[in-house]
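Dumped input_37.tsv below, it's TSV, C-alpha atoms:
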```
chain	number	residue	atom	x	y	z
S	205	MET	CA	137.43	102.45	96.02
S	206	ILE	CA	136.88	105.64	94.01
S	207	SER	CA	136.28	105.35	90.30
S	208	LYS	CA	134.18	106.79	87.46
S	209	HIS	CA	132.69	105.18	84.37
S	210	MET	CA	128.96	105.26	85.30
S	211	LYS	CA	125.96	107.58	85.33
S	212	ILE	CA	122.35	107.07	86.42
S	213	GLU	CA	120.23	108.20	83.48
S	214	SER	CA	116.88	107.66	85.19
S	215	LEU	CA	115.39	105.85	88.15
S	216	LYS	CA	111.76	104.90	88.79
S	217	THR	CA	109.80	103.11	91.51
S	218	VAL	CA	106.31	101.62	91.43
S	219	PHE	CA	104.51	100.47	94.57
S	220	PRO	CA	101.50	98.14	94.62
S	221	SER	CA	98.20	99.65	95.69
S	222	ARG	CA	97.15	97.67	98.75
S	223	ARG	CA	97.93	99.44	102.04
S	224	VAL	CA	98.58	97.11	104.97
S	225	THR	CA	98.67	98.71	108.42
S	226	ASN	CA	100.22	97.39	111.62
S	227	GLN	CA	96.72	96.49	112.80
S	228	ASP	CA	96.16	94.50	109.62
S	229	ILE	CA	99.30	92.51	110.43
S	230	ILE	CA	98.06	91.84	113.95
S	231	ASN	CA	94.69	90.70	112.63
S	232	MET	CA	96.37	88.27	110.20
S	233	ILE	CA	98.49	86.74	112.96
S	234	ARG	CA	95.44	86.42	115.22
S	235	LYS	CA	93.43	84.73	112.47
S	236	ASP	CA	96.09	82.18	111.57
S	237	SER	CA	97.59	81.39	115.00
S	238	THR	CA	94.78	79.09	116.11
S	239	ASN	CA	97.18	76.63	117.77
S	240	TYR	CA	99.36	79.11	119.63
S	241	GLY	CA	100.84	77.60	122.78
S	242	GLY	CA	100.59	80.63	125.05
S	243	ASP	CA	98.73	83.89	125.63
S	244	LEU	CA	98.14	84.99	122.04
S	245	GLU	CA	96.66	88.40	122.89
S	246	SER	CA	99.65	89.24	125.05
S	247	ALA	CA	101.98	88.18	122.21
S	248	LEU	CA	100.04	90.32	119.71
S	249	LYS	CA	100.24	93.30	122.02
S	250	GLY	CA	104.01	92.87	122.17
S	251	ILE	CA	104.32	92.56	118.38
S	252	LYS	CA	102.26	95.69	117.85
S	253	ALA	CA	104.43	97.61	120.31
S	254	MET	CA	107.60	96.43	118.55
S	255	LEU	CA	106.22	97.52	115.18
S	256	ARG	CA	105.49	101.00	116.53
S	257	PHE	CA	108.90	101.20	118.20
S	258	SER	CA	110.65	100.33	114.93
S	259	GLY	CA	108.83	103.19	113.20
S	260	ALA	CA	106.51	101.01	111.11
S	261	ARG	CA	103.04	102.28	110.26
S	262	GLU	CA	102.10	100.60	107.01
S	263	ARG	CA	103.47	98.86	103.95
S	264	ARG	CA	102.26	98.22	100.38
S	265	TRP	CA	101.29	94.79	99.04
S	266	LEU	CA	99.86	93.63	95.73
S	267	ASN	CA	96.11	93.53	95.44
S	268	GLU	CA	94.41	90.54	93.81
S	269	LYS	CA	94.48	92.04	90.31
S	270	GLU	CA	98.08	93.31	90.28
S	271	LYS	CA	101.00	91.32	88.86
S	272	PRO	CA	104.71	91.98	89.50
S	273	ILE	CA	105.62	92.05	85.81
S	274	GLU	CA	102.97	94.69	85.12
S	275	LEU	CA	104.28	96.99	87.86
S	276	LEU	CA	107.87	96.35	86.80
S	277	GLY	CA	106.91	97.14	83.22
S	278	ARG	CA	105.49	100.49	84.33
S	279	ALA	CA	108.70	101.32	86.17
S	280	VAL	CA	110.89	100.35	83.21
S	281	ASP	CA	108.74	102.20	80.66
S	282	SER	CA	108.78	105.33	82.82
S	283	ALA	CA	112.57	105.17	83.28
S	284	ILE	CA	113.17	104.75	79.54
S	285	GLN	CA	110.74	107.53	78.67
S	286	GLU	CA	112.33	109.97	81.10
S	287	SER	CA	115.83	109.20	79.85
S	288	GLY	CA	114.89	109.82	76.23
S	289	LEU	CA	117.10	106.89	75.24
S	290	PRO	CA	115.98	104.18	72.81
S	291	ARG	CA	114.98	100.87	74.36
S	292	GLU	CA	117.18	98.99	71.89
S	293	SER	CA	120.26	100.78	73.27
S	294	ILE	CA	120.02	98.76	76.52
S	295	ASP	CA	122.62	95.99	76.15
S	296	THR	CA	122.54	94.59	79.71
S	297	VAL	CA	119.66	93.64	82.03
S	298	ILE	CA	120.42	92.74	85.64
S	299	TYR	CA	117.73	91.40	87.97
S	300	THR	CA	118.47	91.91	91.66
S	301	GLY	CA	116.98	90.96	94.99
S	302	VAL	CA	115.28	88.24	96.99
S	303	ASP	CA	111.96	87.71	95.22
S	304	ARG	CA	112.32	85.67	92.06
S	305	ALA	CA	110.24	83.35	89.95
S	306	PHE	CA	112.97	81.20	88.41
S	307	ILE	CA	115.96	79.29	89.71
S	308	GLU	CA	116.95	78.63	86.08
S	309	PRO	CA	117.55	80.57	83.93
S	310	ALA	CA	118.16	84.02	85.39
S	311	ASN	CA	115.02	86.05	86.03
S	312	ALA	CA	116.60	88.81	83.95
S	313	TYR	CA	115.99	86.79	80.76
S	314	PHE	CA	112.25	86.78	81.33
S	315	VAL	CA	112.24	90.48	82.19
S	316	ALA	CA	114.16	91.31	79.03
S	317	ASN	CA	111.89	89.15	76.90
S	318	SER	CA	108.69	90.48	78.49
S	319	LEU	CA	109.78	94.11	78.12
S	320	ASN	CA	111.07	93.86	74.56
S	321	MET	CA	114.83	93.76	75.04
S	322	PRO	CA	115.47	90.35	73.44
S	323	ASN	CA	119.20	90.73	72.72
S	324	ALA	CA	120.43	92.24	75.99
S	325	ARG	CA	122.92	90.29	78.06
S	326	CYS	CA	121.07	88.99	81.14
S	327	PHE	CA	122.02	87.82	84.60
S	328	ASP	CA	120.85	88.01	88.22
S	329	ILE	CA	122.54	89.30	91.37
S	330	ALA	CA	121.36	87.43	94.47
S	331	ASP	CA	122.84	89.21	97.48
S	332	ALA	CA	119.79	89.69	99.74
S	333	CYS	CA	119.08	93.36	100.53
S	334	MET	CA	122.54	94.29	99.24
S	335	SER	CA	121.70	93.09	95.71
S	336	TRP	CA	121.12	96.47	94.03
S	337	SER	CA	124.25	97.94	95.61
S	338	THR	CA	126.34	94.94	94.57
S	339	ALA	CA	124.92	95.08	91.04
S	340	LEU	CA	125.97	98.70	90.61
S	341	GLN	CA	129.53	98.02	91.72
S	342	ILE	CA	129.78	95.08	89.30
S	343	LEU	CA	128.20	97.11	86.53
S	344	GLN	CA	130.70	99.91	87.05
S	345	GLY	CA	133.46	97.40	86.33
S	346	MET	CA	131.67	96.25	83.19
S	347	PHE	CA	131.42	99.83	81.94
S	348	LYS	CA	135.10	100.37	82.66
S	349	GLN	CA	136.04	97.26	80.70
S	350	GLY	CA	133.79	98.21	77.79
S	351	CYS	CA	131.58	95.14	78.27
S	352	SER	CA	128.45	97.29	78.36
S	353	LYS	CA	127.43	100.79	77.35
S	354	ARG	CA	123.92	100.99	78.76
S	355	ALA	CA	122.29	98.80	81.39
S	356	LEU	CA	119.00	98.33	83.19
S	357	VAL	CA	119.01	97.15	86.82
S	358	VAL	CA	115.61	95.98	88.07
S	359	ASN	CA	114.06	94.33	91.09
S	360	ALA	CA	110.57	93.09	91.87
S	361	GLU	CA	110.37	92.57	95.61
S	362	PHE	CA	106.91	91.05	96.13
S	363	ASN	CA	107.88	88.75	98.95
S	364	GLN	CA	104.61	88.93	100.89
S	365	THR	CA	102.05	88.16	98.21
S	366	HIS	CA	104.30	85.96	96.04
S	367	GLU	CA	104.17	82.43	97.44
S	368	ASN	CA	107.83	82.16	98.31
S	369	TRP	CA	110.00	82.72	101.37
S	370	ILE	CA	108.27	85.36	103.43
S	371	GLY	CA	104.77	85.40	102.05
S	372	TYR	CA	101.55	85.23	103.95
S	373	PRO	CA	100.57	82.98	105.68
S	374	LYS	CA	103.86	81.15	106.42
S	375	ILE	CA	105.21	83.40	109.17
S	376	PHE	CA	101.78	84.49	110.42
S	377	ASN	CA	100.92	81.09	111.87
S	378	LEU	CA	102.48	81.24	115.33
S	379	THR	CA	102.48	78.10	117.45
S	380	LYS	CA	104.95	79.07	120.19
S	381	PRO	CA	106.35	82.28	121.71
S	382	GLU	CA	109.93	81.51	120.59
S	383	GLN	CA	108.94	82.00	116.96
S	384	ILE	CA	108.39	85.73	117.36
S	385	GLU	CA	112.13	86.37	117.73
S	386	TYR	CA	112.76	85.29	114.13
S	387	THR	CA	109.38	85.93	112.46
S	388	PHE	CA	108.98	89.56	113.56
S	389	PRO	CA	111.17	91.11	110.80
S	390	GLY	CA	108.87	89.50	108.23
S	391	TYR	CA	105.93	91.51	109.57
S	392	THR	CA	107.67	94.72	108.50
S	393	VAL	CA	108.20	93.68	104.87
S	394	GLY	CA	106.59	95.73	102.12
S	395	GLU	CA	106.63	95.38	98.35
S	396	ALA	CA	108.01	97.48	95.51
S	397	THR	CA	109.69	97.37	92.12
S	398	THR	CA	112.40	99.66	90.78
S	399	ALA	CA	114.09	100.27	87.44
S	400	THR	CA	117.50	101.97	87.22
S	401	LEU	CA	118.85	102.93	83.80
S	402	LEU	CA	122.61	103.56	83.70
S	403	SER	CA	125.15	104.48	81.03
S	404	ALA	CA	128.92	104.34	80.71
S	405	ASP	CA	130.16	107.82	81.57
S	406	ASN	CA	133.65	108.87	82.58
S	407	SER	CA	132.56	112.16	84.16
S	408	GLN	CA	130.74	110.77	87.21
S	409	GLU	CA	132.74	109.81	90.31
S	410	TRP	CA	131.58	106.85	92.43
S	411	GLU	CA	132.98	105.62	95.74
S	412	PHE	CA	132.14	102.12	97.03
S	413	HIS	CA	133.05	100.45	100.32
S	414	PHE	CA	131.92	96.95	101.34
S	415	LYS	CA	132.56	94.69	104.30
S	416	THR	CA	131.49	91.10	104.99
S	417	ARG	CA	130.83	89.17	108.20
S	418	SER	CA	130.03	85.67	106.96
S	419	ASP	CA	130.19	84.40	110.55
S	420	LEU	CA	126.81	86.10	110.96
S	421	ALA	CA	125.19	84.50	107.89
S	422	HIS	CA	122.94	82.33	110.06
S	423	LEU	CA	121.08	85.37	111.43
S	424	CYS	CA	118.94	85.89	108.33
S	425	THR	CA	118.14	83.02	105.98
S	426	ALA	CA	115.68	81.52	103.56
S	427	ALA	CA	116.87	77.92	103.45
S	428	THR	CA	115.78	75.32	100.94
S	429	ILE	CA	115.06	71.75	101.96
S	430	GLY	CA	118.41	69.98	102.22
S	431	ALA	CA	120.36	73.16	102.94
S	432	ASP	CA	121.96	71.51	105.97
S	433	ASN	CA	123.92	69.28	103.58
S	434	TYR	CA	125.71	72.32	102.16
S	435	ILE	CA	126.91	73.94	105.40
S	436	THR	CA	128.86	72.97	108.51
S	437	ASN	CA	126.83	75.02	111.02
S	438	THR	CA	123.05	74.63	110.91
S	439	LYS	CA	122.14	76.80	113.92
S	440	GLY	CA	120.45	79.44	111.75
S	441	ILE	CA	118.04	77.02	110.10
S	442	ARG	CA	114.82	77.19	112.09
S	443	ALA	CA	112.57	76.35	109.13
S	444	TYR	CA	112.88	75.39	105.49
S	445	ASN	CA	111.37	77.36	102.61
S	446	GLN	CA	110.63	80.15	105.07
S	447	PHE	CA	112.14	83.51	105.93
S	448	VAL	CA	113.97	83.41	109.27
S	449	SER	CA	115.52	86.62	110.58
S	450	PHE	CA	116.89	87.46	114.00
S	451	GLY	CA	116.49	91.19	113.48
S	452	ARG	CA	117.45	92.39	116.94
S	453	GLU	CA	120.71	90.42	116.94
S	454	MET	CA	121.47	91.59	113.40
S	455	HIS	CA	121.16	95.23	114.43
S	456	GLU	CA	123.28	94.64	117.55
S	457	HIS	CA	126.11	93.15	115.51
S	458	GLY	CA	125.54	95.48	112.58
S	459	THR	CA	125.61	98.83	114.38
S	460	PRO	CA	129.40	99.09	114.79
S	461	GLU	CA	129.92	97.66	111.30
S	462	VAL	CA	127.70	100.17	109.48
S	463	ILE	CA	129.29	103.02	111.42
S	464	ASP	CA	132.75	101.78	110.50
S	465	ILE	CA	131.91	101.36	106.81
S	466	PHE	CA	130.33	104.81	106.57
S	467	LYS	CA	133.43	106.41	108.07
S	468	LYS	CA	135.44	105.01	105.16
S	469	LEU	CA	133.75	107.41	102.75
S	470	LYS	CA	136.27	109.97	101.56
S	471	CYS	CA	133.53	112.35	100.47
S	472	PRO	CA	133.06	115.07	103.15
S	473	ILE	CA	129.69	114.83	104.88
S	474	ARG	CA	129.04	118.51	104.15
S	475	GLU	CA	128.94	117.65	100.44
S	476	ILE	CA	126.28	114.94	100.81
S	477	LYS	CA	122.72	116.10	100.10
S	478	ALA	CA	120.91	112.96	101.31
S	479	ILE	CA	121.62	109.47	102.64
S	480	PHE	CA	119.43	106.52	101.61
S	481	PRO	CA	119.57	103.61	104.08
S	482	HIS	CA	118.29	100.07	103.90
S	483	THR	CA	114.66	100.11	105.08
S	484	SER	CA	115.10	97.57	107.88
S	485	SER	CA	113.99	99.85	110.76
S	486	LYS	CA	113.63	103.61	111.08
S	487	LYS	CA	114.48	103.54	114.79
S	488	ALA	CA	117.65	101.47	114.34
S	489	TRP	CA	118.98	103.63	111.49
S	490	GLU	CA	118.12	106.84	113.36
S	491	ASP	CA	120.12	105.63	116.34
S	492	VAL	CA	123.10	104.75	114.14
S	493	ALA	CA	122.93	108.03	112.20
S	494	LYS	CA	122.85	110.07	115.41
S	495	LYS	CA	126.08	108.45	116.58
S	496	ILE	CA	127.95	110.06	113.68
S	497	ASP	CA	125.77	113.17	113.37
S	498	VAL	CA	124.19	112.48	109.97
S	499	ASN	CA	120.56	111.99	111.03
S	500	HIS	CA	119.58	115.27	109.32
S	501	LEU	CA	120.60	113.73	105.98
S	502	MET	CA	118.66	110.49	106.31
S	503	HIS	CA	115.77	109.85	103.92
S	504	PHE	CA	113.41	107.27	105.46
S	505	LEU	CA	110.82	105.20	103.58
S	506	TYR	CA	110.25	102.61	106.28
S	507	PRO	CA	107.23	104.19	108.06
S	508	GLU	CA	105.13	104.36	104.88
S	509	TYR	CA	106.50	101.44	102.87
S	510	GLY	CA	108.12	99.01	105.31
S	511	ASN	CA	111.20	96.95	104.53
S	512	ILE	CA	111.36	96.82	100.73
S	513	VAL	CA	114.48	94.68	100.67
S	514	SER	CA	116.82	95.31	97.70
S	515	ALA	CA	114.56	98.14	96.48
S	516	SER	CA	115.39	100.27	99.54
S	517	VAL	CA	118.12	102.58	98.20
S	518	PRO	CA	116.83	103.00	94.62
S	519	ALA	CA	113.26	103.61	95.80
S	520	GLY	CA	114.44	106.16	98.35
S	521	LEU	CA	116.46	108.01	95.73
S	522	SER	CA	113.62	107.84	93.20
S	523	ILE	CA	111.13	109.37	95.62
S	524	ALA	CA	113.60	112.06	96.72
S	525	ILE	CA	114.09	113.02	93.07
S	526	GLU	CA	110.33	113.24	92.52
S	527	GLN	CA	109.96	115.38	95.64
S	528	GLY	CA	112.73	117.73	94.50
S	529	ARG	CA	114.92	116.87	97.46
S	530	VAL	CA	117.63	115.58	95.12
S	531	ARG	CA	118.51	117.27	91.84
S	532	ARG	CA	121.07	116.71	89.12
S	533	GLY	CA	124.54	117.48	90.39
S	534	ASP	CA	123.74	116.59	94.02
S	535	ARG	CA	125.98	114.10	95.79
S	536	VAL	CA	124.11	111.38	97.66
S	537	ALA	CA	125.01	108.25	99.61
S	538	GLY	CA	123.69	104.72	100.01
S	539	TRP	CA	124.06	102.94	103.35
S	540	VAL	CA	123.15	99.28	103.72
S	541	GLY	CA	123.37	96.45	106.20
S	542	SER	CA	122.21	93.13	104.78
S	543	ALA	CA	121.89	89.42	105.42
S	544	GLY	CA	125.18	87.67	104.85
S	545	MET	CA	126.00	89.72	106.78
S	546	SER	CA	127.34	92.45	104.56
S	547	PHE	CA	127.69	96.20	104.97
S	548	SER	CA	128.23	98.99	102.47
S	549	ALA	CA	128.49	102.74	102.14
S	550	TYR	CA	128.85	104.43	98.79
S	551	SER	CA	128.46	107.90	97.32
S	552	PHE	CA	127.94	109.32	93.87
S	553	THR	CA	126.67	112.38	92.06
S	554	TYR	CA	123.19	112.02	90.62
```

Spell out the structure here as structure tokens.
Amino acid sequence: MISKHMKIESLKTVFPSRRVTNQDIINMIRKDSTNYGGDLESALKGIKAMLRFSGARERRWLNEKEKPIELLGRAVDSAIQESGLPRESIDTVIYTGVDRAFIEPANAYFVANSLNMPNARCFDIADACMSWSTALQILQGMFKQGCSKRALVVNAEFNQTHENWIGYPKIFNLTKPEQIEYTFPGYTVGEATTATLLSADNSQEWEFHFKTRSDLAHLCTAATIGADNYITNTKGIRAYNQFVSFGREMHEHGTPEVIDIFKKLKCPIREIKAIFPHTSSKKAWEDVAKKIDVNHLMHFLYPEYGNIVSASVPAGLSIAIEQGRVRRGDRVAGWVGSAGMSFSAYSFTY
């Protein structure tokens, strides 16, 4: 679908300060896996090799003194300051992503209240790593309908140090070799927060394409206790209140899907300045990009920052802007494969 009605005014990313290397991850697993039923050192050697193969080197986590709302506040303040727009002009706040503090009400209400936007309309988009992309497509429709004139889309993906689905030490306590198949993706996860300020604008052309494979939903889950009562197929539930992701199988199924969805873009590749993929694996996305000859356009964050979940595309674009790789008037693309499973490719002019 090609439409207009939306412009990114400013976009900012803030990363926490703690650097966690692959060796740090190995040390954490070794420390916590005291009841491992097998050769732990051999397993750790294999995990370290898989991390290197994926392209991972390090990721950022919160240190003991950092709080998500403080880092998010810095990102929002910076985005508003750069835009030159008044804070009170923001009439919609959308919180996206996996990490969240509240089931009720929407996390967006607390963000808006904490950051002095008390009258903005608030709601959350919970669509795993696709959340930011989904939020922008929905927001474009709101702008078109006149429901909003200026919106702030935020995420605070602190899934490792926030005691929720992924966080240490849940997936670091290995007891059997079979666990590694579905805990490994969690070892790649980093943390970040982004703030995207958008306005209604009929001069900017956007193109969105999405595809869903709900038959693959079981491959990546964070199930609550009792989740089996809400579904007919429980094969994906290996643990409750814990991140479970069969990363290798997801990439195997996802490769033809992300290629197919990217080919739906009507924008000629020669017009695209940079492509920002989901940060699930540098190696996997390189392999996919090479199949359709766009690897030279890929902007990778994964080696330095790990898998930053729904922050992947906005953080990549934010850093590219800061580095001067993307400037106003450049056409860029987002490319995402997510739990669900869902797939998207979209392009727009920054």

Query raised in the report: Hey, can you check how far CA of Gly250 (chain S) sits from CA of Ile230 (chain S)?
Result: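 These two atoms are separated by 10.2 Å.
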
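Compared by their closest atoms to Asn226 (chain S), and using all atoms listed in the file, the residues S:Leu356, S:Val393, S:Ala316, S:Ala524 rank with S:Val393 nearest.
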
Report task. Point out the residue among S:Arg222, S:Arg474, S:His457, S:Arg234 with the least atom-to-atom distance to Lys249 (chain S), counting only C-alpha atoms. Result ->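 Answer, going by the shortest atom-to-atom distance: S:Arg234.
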
Query raised in the report: Which neighbours of Val224 (chain S) fall inside 8 Å, counting only C-alpha atoms, when residues of the same chain fewer than 4 positions from it are skipped, and could you give them as a list of chain:residue names?
Result: S:Asp228, S:Ile229, S:Glu262, S:Arg263, S:Arg264, S:Trp265

Just to be explicit: take each residue in the selection above, keep C-alpha atoms, and write the result as a compact mmCIF listing (two decimals), keeping the file's coordinate frame.
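Output contents, as saved in result-v8.txt:
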```txt
# COMPACT_ATOMS: atom_id res chain seq x y z
CA ASP S 228 96.16 94.50 109.62
CA ILE S 229 99.30 92.51 110.43
CA GLU S 262 102.10 100.60 107.01
CA ARG S 263 103.47 98.86 103.95
CA ARG S 264 102.26 98.22 100.38
CA TRP S 265 101.29 94.79 99.04
```

Query - Nearest to Ala312 (chain S) by atom-to-atom distance, counting only C-alpha atoms, from S:Val462, S:Met545, S:Leu401, S:Ala360 - result: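 Using only C-alpha atoms, Ala312 (chain S) sits closest to S:Ala360.
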
Query raised in the report: Quick one: of S:Arg256, S:Arg535, S:Lys467, S:Arg529, who's nearest to Tyr391 (chain S), counting all atoms listed in the file?
Result: S:Arg256

**Report entry** Atom pair CA of Leu276 (chain S) / CA of Leu215 (chain S): separation (Å)
**Finding:**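 Separation of CA of Leu276 (chain S) and CA of Leu215 (chain S): 12.2 Å.
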
**Report entry** Length of the CA of Lys271 (chain S) to CA of Pro220 (chain S) vector [Å]
**Finding:**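 Taking CA of Lys271 (chain S) and CA of Pro220 (chain S), their separation equals 8.9 Å.
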
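Minimum atom-to-atom distances from S:His413, S:His209, S:Arg304, S:His500 to His366 (chain S) were compared using only C-alpha atoms, and the lowest value belongs to S:Arg304.
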
**Report entry** Selected residue, from S:Leu275, S:Ile298, S:Met232, S:Ala247, that lies nearest to Lys380 (chain S) when counting all atoms listed in the file
**Finding:** S:Ala247

Report task. Write out as a VMD selection string which residues come within 9 Å of Ser318 (chain S) when counting all atoms listed in the file, dropping same-chain ones fewer than 4 positions away. Result -> chain S and resid 273 277 313 to 314 322

Box time for region 474-489 of chain S: axis-aligned, enclosing all its listed atoms, 4 Å extra on each side; report centre and edge lengths in Å to one decimal, as AutoDock Vina command-line options.
```
--center_x 121.3 --center_y 108.0 --center_z 107.4 --size_x 23.4 --size_y 28.9 --size_z 22.7
```

Can you list, as a compact mmCIF listing (two decimals) with C-alpha atoms, keeping the file's coordinate frame, every protein, DNA or RNA residue that comes within 7 Å of Ala355 (chain S) when you count all atoms listed in the file, leaving out same-chain residues fewer than 5 positions away?
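For reference, around_8.txt as written:
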```txt
# COMPACT_ATOMS: atom_id res chain seq x y z
CA ILE S 294 120.02 98.76 76.52
CA ASP S 295 122.62 95.99 76.15
CA THR S 296 122.54 94.59 79.71
CA VAL S 297 119.66 93.64 82.03
CA LEU S 401 118.85 102.93 83.80
CA LEU S 402 122.61 103.56 83.70
CA SER S 403 125.15 104.48 81.03
```

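Residue neighbourhood of Leu340 (chain S), excluding near-sequence residues (fewer than 3 positions): Met210, Ile298, Ser335, Trp336, Ser337, Leu343, Gln344, Gly345, Met346, Ala355, Val357, Thr400, Leu402 and Phe412 of chain S, at 10 Å, using all atoms listed in the file.
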
Once you have the residues from the selection above, write them out as a PDB file, in the coordinates of the input, restricted to C-alpha atoms.
```pdb
ATOM      1  CA  MET S 210     128.960 105.260  85.300  1.00  0.00           C
ATOM      2  CA  ILE S 298     120.420  92.740  85.640  1.00  0.00           C
ATOM      3  CA  SER S 335     121.700  93.090  95.710  1.00  0.00           C
ATOM      4  CA  TRP S 336     121.120  96.470  94.030  1.00  0.00           C
ATOM      5  CA  SER S 337     124.250  97.940  95.610  1.00  0.00           C
ATOM      6  CA  LEU S 343     128.200  97.110  86.530  1.00  0.00           C
ATOM      7  CA  GLN S 344     130.700  99.910  87.050  1.00  0.00           C
ATOM      8  CA  GLY S 345     133.460  97.400  86.330  1.00  0.00           C
ATOM      9  CA  MET S 346     131.670  96.250  83.190  1.00  0.00           C
ATOM     10  CA  ALA S 355     122.290  98.800  81.390  1.00  0.00           C
ATOM     11  CA  VAL S 357     119.010  97.150  86.820  1.00  0.00           C
ATOM     12  CA  THR S 400     117.500 101.970  87.220  1.00  0.00           C
ATOM     13  CA  LEU S 402     122.610 103.560  83.700  1.00  0.00           C
ATOM     14  CA  PHE S 412     132.140 102.120  97.030  1.00  0.00           C
TER      15      PHE S 412
END
```

Query - Spatial neighbours of His503 (chain S), 10 Å, all atoms listed in the file, chain gap at least 6 places, as a list in words - result: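 Contacts, in chain order: Ala478, Ile479, Phe480, Pro481, Thr483, Lys486, Val517, Gly520, Leu521, Ile523, Ala524 and Arg529 of chain S.
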
Requested in this report: For the point (109.6, 99.6, 84.4) in the file's frame, write as JSON, numbers by chain all residues with an atom no more than 9 Å away, counting all atoms listed in the file.
Outcome: {"S": [216, 217, 218, 273, 274, 275, 276, 277, 278, 279, 280, 281, 282, 283, 284, 319, 358, 397, 398, 399, 400]}

Please complete region 522-527 of chain S with all heavy atoms and give it back as a PDB file, keeping the file's coordinate frame.
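Written output follows (out.pdb):
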```
ATOM      1  N   SER S 522     114.661 107.512  94.181  1.00  0.00           N
ATOM      2  CA  SER S 522     113.620 107.840  93.200  1.00  0.00           C
ATOM      3  C   SER S 522     112.588 108.795  93.779  1.00  0.00           C
ATOM      4  O   SER S 522     112.202 109.792  93.152  1.00  0.00           O
ATOM      5  CB  SER S 522     112.941 106.551  92.734  1.00  0.00           C
ATOM      6  OG  SER S 522     111.823 106.831  91.914  1.00  0.00           O
ATOM      7  N   ILE S 523     112.130 108.521  94.979  1.00  0.00           N
ATOM      8  CA  ILE S 523     111.130 109.370  95.620  1.00  0.00           C
ATOM      9  C   ILE S 523     111.714 110.745  95.946  1.00  0.00           C
ATOM     10  O   ILE S 523     111.057 111.775  95.768  1.00  0.00           O
ATOM     11  CB  ILE S 523     110.578 108.690  96.888  1.00  0.00           C
ATOM     12  CG1 ILE S 523     109.736 107.474  96.492  1.00  0.00           C
ATOM     13  CG2 ILE S 523     109.747 109.663  97.720  1.00  0.00           C
ATOM     14  CD1 ILE S 523     109.253 106.653  97.657  1.00  0.00           C
ATOM     15  N   ALA S 524     112.957 110.773  96.415  1.00  0.00           N
ATOM     16  CA  ALA S 524     113.600 112.060  96.720  1.00  0.00           C
ATOM     17  C   ALA S 524     113.732 112.917  95.467  1.00  0.00           C
ATOM     18  O   ALA S 524     113.581 114.145  95.523  1.00  0.00           O
ATOM     19  CB  ALA S 524     114.966 111.820  97.347  1.00  0.00           C
ATOM     20  N   ILE S 525     114.006 112.285  94.331  1.00  0.00           N
ATOM     21  CA  ILE S 525     114.090 113.020  93.070  1.00  0.00           C
ATOM     22  C   ILE S 525     112.719 113.590  92.708  1.00  0.00           C
ATOM     23  O   ILE S 525     112.593 114.761  92.321  1.00  0.00           O
ATOM     24  CB  ILE S 525     114.616 112.098  91.954  1.00  0.00           C
ATOM     25  CG1 ILE S 525     116.080 111.726  92.225  1.00  0.00           C
ATOM     26  CG2 ILE S 525     114.488 112.767  90.586  1.00  0.00           C
ATOM     27  CD1 ILE S 525     116.580 110.590  91.359  1.00  0.00           C
ATOM     28  N   GLU S 526     111.681 112.779  92.840  1.00  0.00           N
ATOM     29  CA  GLU S 526     110.330 113.240  92.520  1.00  0.00           C
ATOM     30  C   GLU S 526     109.896 114.388  93.430  1.00  0.00           C
ATOM     31  O   GLU S 526     109.173 115.292  93.003  1.00  0.00           O
ATOM     32  CB  GLU S 526     109.345 112.076  92.648  1.00  0.00           C
ATOM     33  CG  GLU S 526     109.508 111.007  91.578  1.00  0.00           C
ATOM     34  CD  GLU S 526     108.552 109.845  91.771  1.00  0.00           C
ATOM     35  OE1 GLU S 526     107.743 109.893  92.725  1.00  0.00           O
ATOM     36  OE2 GLU S 526     108.614 108.896  90.965  1.00  0.00           O
ATOM     37  N   GLN S 527     110.327 114.330  94.681  1.00  0.00           N
ATOM     38  CA  GLN S 527     109.960 115.380  95.640  1.00  0.00           C
ATOM     39  C   GLN S 527     110.818 116.630  95.500  1.00  0.00           C
ATOM     40  O   GLN S 527     110.540 117.635  96.158  1.00  0.00           O
ATOM     41  CB  GLN S 527     110.109 114.825  97.068  1.00  0.00           C
ATOM     42  CG  GLN S 527     109.123 113.721  97.413  1.00  0.00           C
ATOM     43  CD  GLN S 527     109.396 113.096  98.778  1.00  0.00           C
ATOM     44  OE1 GLN S 527     110.486 113.263  99.341  1.00  0.00           O
ATOM     45  NE2 GLN S 527     108.414 112.392  99.305  1.00  0.00           N
TER      46      GLN S 527
END
```
